[in-house]
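Chemist: Provided below: start.pdb, containing PDB, C-alpha atoms.
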```
ATOM      1  CA  MET A  26      64.967  -2.679 -42.555
ATOM      2  CA  ASN A  27      67.581  -4.619 -44.565
ATOM      3  CA  ALA A  28      64.785  -6.702 -45.993
ATOM      4  CA  LEU A  29      63.194  -3.593 -47.505
ATOM      5  CA  LYS A  30      66.510  -2.581 -49.107
ATOM      6  CA  GLN A  31      66.696  -5.921 -50.814
ATOM      7  CA  LEU A  32      63.275  -5.476 -52.438
ATOM      8  CA  ARG A  33      62.925  -3.841 -55.779
ATOM      9  CA  ILE A  34      61.528  -0.317 -55.890
ATOM     10  CA  GLY A  35      58.114  -1.516 -57.086
ATOM     11  CA  SER A  36      57.849  -3.938 -54.184
ATOM     12  CA  ARG A  37      58.927  -1.248 -51.710
ATOM     13  CA  LEU A  38      56.304   1.133 -53.073
ATOM     14  CA  GLY A  39      53.715  -1.650 -52.753
ATOM     15  CA  VAL A  40      54.620  -2.211 -49.060
ATOM     16  CA  ALA A  41      54.530   1.540 -48.361
ATOM     17  CA  PHE A  42      51.228   1.921 -50.171
ATOM     18  CA  THR A  43      49.761  -1.015 -48.205
ATOM     19  CA  ALA A  44      50.942   0.527 -44.920
ATOM     20  CA  VAL A  45      49.413   3.911 -45.811
ATOM     21  CA  LEU A  46      46.206   2.200 -46.917
ATOM     22  CA  LEU A  47      46.042   0.245 -43.659
ATOM     23  CA  LEU A  48      46.498   3.469 -41.649
ATOM     24  CA  MET A  49      43.748   5.144 -43.677
ATOM     25  CA  VAL A  50      41.380   2.243 -42.981
ATOM     26  CA  ILE A  51      42.119   2.513 -39.238
ATOM     27  CA  VAL A  52      41.538   6.288 -39.249
ATOM     28  CA  ALA A  53      38.320   5.848 -41.248
ATOM     29  CA  ALA A  54      37.072   3.150 -38.853
ATOM     30  CA  VAL A  55      37.733   5.379 -35.852
ATOM     31  CA  GLY A  56      35.942   8.255 -37.622
ATOM     32  CA  VAL A  57      32.936   6.115 -38.520
ATOM     33  CA  ARG A  58      32.734   4.830 -34.962
ATOM     34  CA  GLY A  59      32.756   8.426 -33.708
ATOM     35  CA  ILE A  60      30.054   9.413 -36.180
ATOM     36  CA  PHE A  61      27.841   6.562 -34.959
ATOM     37  CA  ARG A  62      28.382   7.599 -31.333
ATOM     38  CA  VAL A  63      27.513  11.218 -32.122
ATOM     39  CA  SER A  64      24.482  10.070 -34.114
ATOM     40  CA  ALA A  65      23.296   7.944 -31.172
ATOM     41  CA  GLY A  66      23.796  10.906 -28.867
ATOM     42  CA  LEU A  67      21.791  13.167 -31.167
ATOM     43  CA  GLU A  68      19.026  10.586 -31.327
ATOM     44  CA  THR A  69      18.977  10.452 -27.525
ATOM     45  CA  VAL A  70      18.817  14.230 -27.279
ATOM     46  CA  TYR A  71      15.978  14.334 -29.811
ATOM     47  CA  ARG A  72      13.853  11.390 -28.634
ATOM     48  CA  ASP A  73      14.535  11.523 -24.913
ATOM     49  CA  ARG A  74      14.938  15.271 -24.358
ATOM     50  CA  THR A  75      13.640  17.467 -27.201
ATOM     51  CA  VAL A  76      10.327  15.687 -27.796
ATOM     52  CA  PRO A  77       9.535  15.437 -24.050
ATOM     53  CA  LEU A  78      10.536  19.090 -23.647
ATOM     54  CA  ALA A  79       8.041  20.045 -26.352
ATOM     55  CA  GLN A  80       5.370  17.913 -24.660
ATOM     56  CA  LEU A  81       6.022  19.552 -21.304
ATOM     57  CA  GLY A  82       6.009  22.991 -22.918
ATOM     58  CA  GLU A  83       2.639  22.419 -24.541
ATOM     59  CA  LEU A  84       1.317  20.937 -21.300
ATOM     60  CA  ASN A  85       2.466  24.088 -19.451
ATOM     61  CA  ASN A  86       0.759  26.269 -22.054
ATOM     62  CA  LEU A  87      -2.483  24.327 -21.681
ATOM     63  CA  SER A  88      -2.277  24.582 -17.904
ATOM     64  CA  THR A  89      -1.835  28.342 -18.130
ATOM     65  CA  ARG A  90      -4.732  28.559 -20.598
ATOM     66  CA  ASN A  91      -6.899  26.485 -18.237
ATOM     67  CA  ARG A  92      -6.249  28.901 -15.394
ATOM     68  CA  LEU A  93      -7.122  31.776 -17.693
ATOM     69  CA  ILE A  94     -10.355  30.020 -18.701
ATOM     70  CA  ILE A  95     -11.344  29.822 -15.034
ATOM     71  CA  VAL A  96     -10.594  33.534 -14.568
ATOM     72  CA  GLU A  97     -12.630  34.352 -17.685
ATOM     73  CA  MET A  98     -15.538  32.297 -16.330
ATOM     74  CA  LEU A  99     -15.330  34.135 -13.009
ATOM     75  CA  ARG A 100     -15.301  37.515 -14.760
ATOM     76  CA  SER A 101     -18.092  36.726 -17.251
ATOM     77  CA  PRO A 102     -20.424  34.348 -15.443
ATOM     78  CA  GLY A 103     -23.107  34.143 -18.148
ATOM     79  CA  PHE A 104     -24.486  30.641 -18.734
ATOM     80  CA  GLU A 105     -23.442  30.454 -22.412
ATOM     81  CA  GLU A 106     -19.960  31.783 -21.632
ATOM     82  CA  ILE A 107     -19.491  29.265 -18.808
ATOM     83  CA  LYS A 108     -20.722  26.432 -21.025
ATOM     84  CA  ARG A 109     -18.350  27.430 -23.830
ATOM     85  CA  ARG A 110     -15.390  27.782 -21.455
ATOM     86  CA  ASN A 111     -16.149  24.448 -19.763
ATOM     87  CA  GLU A 112     -16.073  22.778 -23.194
ATOM     88  CA  GLU A 113     -12.733  24.414 -23.966
ATOM     89  CA  LEU A 114     -11.436  23.350 -20.562
ATOM     90  CA  ALA A 115     -12.529  19.752 -21.188
ATOM     91  CA  GLY A 116     -10.768  19.729 -24.574
ATOM     92  CA  ASN A 117      -7.604  21.169 -23.039
ATOM     93  CA  LEU A 118      -7.642  18.580 -20.255
ATOM     94  CA  LYS A 119      -8.029  15.779 -22.804
ATOM     95  CA  ARG A 120      -5.134  17.098 -24.910
ATOM     96  CA  GLY A 121      -3.055  17.600 -21.768
ATOM     97  CA  GLN A 122      -3.602  13.984 -20.752
ATOM     98  CA  GLN A 123      -2.501  12.824 -24.219
ATOM     99  CA  LEU A 124       0.673  14.887 -23.901
ATOM    100  CA  LEU A 125       1.330  13.585 -20.411
ATOM    101  CA  ASP A 126       0.787   9.987 -21.507
ATOM    102  CA  GLY A 127       3.237  10.500 -24.376
ATOM    103  CA  TYR A 128       5.780  12.019 -22.034
ATOM    104  CA  LEU A 129       5.452   9.198 -19.495
ATOM    105  CA  ALA A 130       5.864   6.625 -22.284
ATOM    106  CA  SER A 131       9.275   8.064 -23.211
ATOM    107  CA  ARG A 132      12.514   6.788 -21.720
ATOM    108  CA  LEU A 133      12.828   8.427 -18.298
ATOM    109  CA  THR A 134      15.734   8.398 -15.873
ATOM    110  CA  GLU A 135      15.039   7.158 -12.346
ATOM    111  CA  ASP A 136      15.092  10.718 -10.973
ATOM    112  CA  GLU A 137      12.803  11.800 -13.767
ATOM    113  CA  LYS A 138      10.346   8.971 -13.046
ATOM    114  CA  ALA A 139      10.099   9.995  -9.398
ATOM    115  CA  LEU A 140       9.652  13.667 -10.282
ATOM    116  CA  ALA A 141       7.136  12.805 -12.998
ATOM    117  CA  GLN A 142       5.040  10.798 -10.525
ATOM    118  CA  ARG A 143       4.988  13.764  -8.149
ATOM    119  CA  PHE A 144       3.939  15.986 -11.049
ATOM    120  CA  VAL A 145       1.183  13.576 -12.108
ATOM    121  CA  ALA A 146      -0.224  13.589  -8.568
ATOM    122  CA  ALA A 147      -0.030  17.388  -8.318
ATOM    123  CA  ARG A 148      -1.638  17.838 -11.741
ATOM    124  CA  LYS A 149      -4.420  15.425 -10.848
ATOM    125  CA  ALA A 150      -5.142  17.339  -7.621
ATOM    126  CA  PHE A 151      -5.050  20.642  -9.529
ATOM    127  CA  ILE A 152      -7.623  19.354 -12.009
ATOM    128  CA  GLU A 153      -9.887  17.390  -9.660
ATOM    129  CA  GLU A 154      -9.795  19.732  -6.670
ATOM    130  CA  GLY A 155      -9.133  23.055  -8.382
ATOM    131  CA  LEU A 156     -10.227  23.417 -11.998
ATOM    132  CA  LEU A 157     -13.252  21.155 -12.301
ATOM    133  CA  PRO A 158     -14.959  22.182  -9.046
ATOM    134  CA  VAL A 159     -14.764  25.866 -10.045
ATOM    135  CA  GLY A 160     -16.355  25.079 -13.399
ATOM    136  CA  THR A 161     -19.047  22.978 -11.714
ATOM    137  CA  ALA A 162     -19.764  25.662  -9.121
ATOM    138  CA  LEU A 163     -20.094  28.316 -11.805
ATOM    139  CA  SER A 164     -22.346  26.076 -13.903
ATOM    140  CA  THR A 165     -24.759  25.801 -10.982
ATOM    141  CA  GLY A 166     -24.627  29.512 -10.179
ATOM    142  CA  GLY A 167     -22.386  29.302  -7.120
ATOM    143  CA  MET A 168     -20.152  32.313  -7.715
ATOM    144  CA  SER A 169     -19.051  32.674  -4.081
ATOM    145  CA  THR A 170     -18.271  28.936  -3.887
ATOM    146  CA  ALA A 171     -16.337  29.156  -7.159
ATOM    147  CA  LEU A 172     -14.292  32.092  -5.884
ATOM    148  CA  GLN A 173     -13.529  30.296  -2.642
ATOM    149  CA  ILE A 174     -12.414  27.145  -4.476
ATOM    150  CA  TYR A 175     -10.314  29.240  -6.845
ATOM    151  CA  GLU A 176      -8.511  31.028  -4.047
ATOM    152  CA  GLU A 177      -8.143  28.084  -1.663
ATOM    153  CA  LYS A 178      -7.530  25.241  -4.088
ATOM    154  CA  THR A 179      -6.980  26.245  -7.701
ATOM    155  CA  LEU A 180      -4.242  28.807  -7.093
ATOM    156  CA  PRO A 181      -2.080  26.824  -4.631
ATOM    157  CA  LEU A 182      -2.550  23.498  -6.439
ATOM    158  CA  GLY A 183      -1.803  25.126  -9.783
ATOM    159  CA  THR A 184       1.340  26.689  -8.360
ATOM    160  CA  LYS A 185       2.524  23.326  -7.023
ATOM    161  CA  ALA A 186       1.884  21.570 -10.349
ATOM    162  CA  ARG A 187       3.673  24.358 -12.231
ATOM    163  CA  GLU A 188       6.711  24.187  -9.937
ATOM    164  CA  LEU A 189       7.030  20.447 -10.532
ATOM    165  CA  SER A 190       6.543  20.938 -14.266
ATOM    166  CA  ASP A 191       9.302  23.554 -14.251
ATOM    167  CA  GLN A 192      11.564  21.066 -12.462
ATOM    168  CA  LEU A 193      10.842  18.485 -15.181
ATOM    169  CA  VAL A 194      11.721  21.033 -17.865
ATOM    170  CA  LYS A 195      14.961  21.883 -16.067
ATOM    171  CA  LEU A 196      15.789  18.187 -15.792
ATOM    172  CA  GLN A 197      15.296  17.803 -19.567
ATOM    173  CA  VAL A 198      17.703  20.657 -20.226
ATOM    174  CA  ASP A 199      20.247  19.290 -17.728
ATOM    175  CA  GLU A 200      20.106  15.816 -19.261
ATOM    176  CA  ALA A 201      20.515  17.256 -22.770
ATOM    177  CA  ALA A 202      23.556  19.208 -21.534
ATOM    178  CA  ALA A 203      24.998  16.020 -20.037
ATOM    179  CA  GLU A 204      24.495  14.213 -23.339
ATOM    180  CA  PHE A 205      26.250  17.087 -25.107
ATOM    181  CA  GLU A 206      29.185  16.765 -22.710
ATOM    182  CA  ARG A 207      29.369  13.017 -23.416
ATOM    183  CA  ALA A 208      29.400  13.759 -27.142
ATOM    184  CA  GLN A 209      32.266  16.223 -26.654
ATOM    185  CA  THR A 210      34.440  13.454 -25.270
ATOM    186  CA  THR A 211      33.926  11.413 -28.444
TER
END
```
Would it be possible to restate this file's structure as structure tokens?
Modeler:
Amino acid sequence: MNALKQLRIGSRLGVAFTAVLLLMVIVAAVGVRGIFRVSAGLETVYRDRTVPLAQLGELNNLSTRNRLIIVEMLRSPGFEEIKRRNEELAGNLKRGQQLLDGYLASRLTEDEKALAQRFVAARKAFIEEGLLPVGTALSTGGMSTALQIYEEKTLPLGTKARELSDQLVKLQVDEAAAEFERAQTT
């Protein structure tokens, strides 16, 4: 302290200004570090939660549309109608697989990977044992077979796939909330 009193006023102001400048640099560095952490958190929420949530949402919409297509085929069993609906179903299944592949290629947590594999298996069963056989039966004129498949396979398998899909959506929301909580501690 005595050393400062011995300095001229200009030198004292220079030391004080340097100290204030040093404090400002420290505060700015802490702020920039926080901004980068928040930015990384936002990127995680967008890439790892929002995009997959959109993919799952569109996949759910397609699944619902596919079930409706089957109902429409059962209600209007004309050959041209069945052919047109089968083509729409095939397009929806192709788009759904693209969405699912994109979702599975994203960064998944271990719990999410396990749940996603269960969903993939349930979706595959829904398609191969439920949707496609109904369309095939209707294409060959087997209305009673189509109805039986719809009631015994399509409905329960579709319900199972939808439940697992809903669990994946909930997991996305929960993980986004956890990321938000982490950002709040920044």
Chemist: Mind telling me what the PyMOL selection byres ((chain A and resi 191) around 12) catches here, as a PDB file with C-alpha atoms, in the frame of the given file?
Modeler:
```pdb
ATOM      1  CA  LEU A  78      10.536  19.090 -23.647  1.00  0.00           C
ATOM      2  CA  LEU A  81       6.022  19.552 -21.304  1.00  0.00           C
ATOM      3  CA  GLY A  82       6.009  22.991 -22.918  1.00  0.00           C
ATOM      4  CA  LEU A  84       1.317  20.937 -21.300  1.00  0.00           C
ATOM      5  CA  ASN A  85       2.466  24.088 -19.451  1.00  0.00           C
ATOM      6  CA  ASN A  86       0.759  26.269 -22.054  1.00  0.00           C
ATOM      7  CA  LEU A 140       9.652  13.667 -10.282  1.00  0.00           C
ATOM      8  CA  ALA A 141       7.136  12.805 -12.998  1.00  0.00           C
ATOM      9  CA  PHE A 144       3.939  15.986 -11.049  1.00  0.00           C
ATOM     10  CA  THR A 184       1.340  26.689  -8.360  1.00  0.00           C
ATOM     11  CA  LYS A 185       2.524  23.326  -7.023  1.00  0.00           C
ATOM     12  CA  ALA A 186       1.884  21.570 -10.349  1.00  0.00           C
ATOM     13  CA  ARG A 187       3.673  24.358 -12.231  1.00  0.00           C
ATOM     14  CA  GLU A 188       6.711  24.187  -9.937  1.00  0.00           C
ATOM     15  CA  LEU A 189       7.030  20.447 -10.532  1.00  0.00           C
ATOM     16  CA  SER A 190       6.543  20.938 -14.266  1.00  0.00           C
ATOM     17  CA  GLN A 192      11.564  21.066 -12.462  1.00  0.00           C
ATOM     18  CA  LEU A 193      10.842  18.485 -15.181  1.00  0.00           C
ATOM     19  CA  VAL A 194      11.721  21.033 -17.865  1.00  0.00           C
ATOM     20  CA  LYS A 195      14.961  21.883 -16.067  1.00  0.00           C
ATOM     21  CA  LEU A 196      15.789  18.187 -15.792  1.00  0.00           C
ATOM     22  CA  GLN A 197      15.296  17.803 -19.567  1.00  0.00           C
ATOM     23  CA  VAL A 198      17.703  20.657 -20.226  1.00  0.00           C
TER      24      VAL A 198
END
```
Chemist: Which residues fall under the PyMOL selection byres ((chain A and resi 155-157) around 10) in this file, as a PyMOL selection string?
Modeler: chain A and resi 88+91-92+94-95+111+114-115+118+148-154+158-163+171+174-183
Chemist: Just checking: using only C-alpha atoms, which residue out of A:Phe61, A:Leu38, A:Ala203, A:Arg72 ends up closest to Leu133 (chain A)?
Modeler: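 The shortest atom-to-atom distance to Leu133 (chain A) comes from A:Arg72.
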Chemist: Quick check, in Å to one decimal: how far apart do CA of Leu93 (chain A) and CA of Gln173 (chain A) lie?
Modeler: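 Answer for the CA of Leu93 (chain A) to CA of Gln173 (chain A) separation: 16.4 Å.
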Chemist: Nearest to Thr134 (chain A): which of A:Arg74, A:Arg90, A:Arg100, A:Lys119 is it, counting only C-alpha atoms?
Modeler: A:Arg74
Chemist: To one decimal place, how far is CA of Arg120 (chain A) from CA of Pro77 (chain A) in Å?
Modeler: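 Straight-line distance from CA of Arg120 (chain A) to CA of Pro77 (chain A) works out to 14.8 Å.
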Chemist: Report the distance between CA of Leu124 (chain A) and CA of Arg143 (chain A) in Å, rounded to one decimal place.
Modeler: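 A separation of 16.4 Å between them.
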Chemist: Which residues are close to Ser101 (chain A), i.e. within 12 Å by only C-alpha atoms, leaving aside same-chain residues fewer than 5 positions away? Reply as a list of chain:residue names.
Modeler: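 Residues meeting the cut-off are A:Ile94, A:Ile95, A:Val96, A:Glu106, A:Ile107, A:Lys108, A:Arg109, A:Arg110, A:Leu163, A:Ser164, A:Met168.
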Chemist: Counting all atoms listed in the file, figure out which residue out of A:Leu32, A:Leu46, A:Gly103, A:Ala41 gets nearest to Thr165 (chain A).
Modeler: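 Selected residue with least distance to Thr165 (chain A): A:Gly103.
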Chemist: Padding of 5 Å on every side, edges along x, y and z, all listed atoms of region 91-103 of chain A included: what centre and edge lengths in Å, to one decimal, does that box have, as JSON?
Modeler:
```
{"center_x": -14.7, "center_y": 32.0, "center_z": -15.9, "size_x": 26.9, "size_y": 21.0, "size_z": 15.7}
```
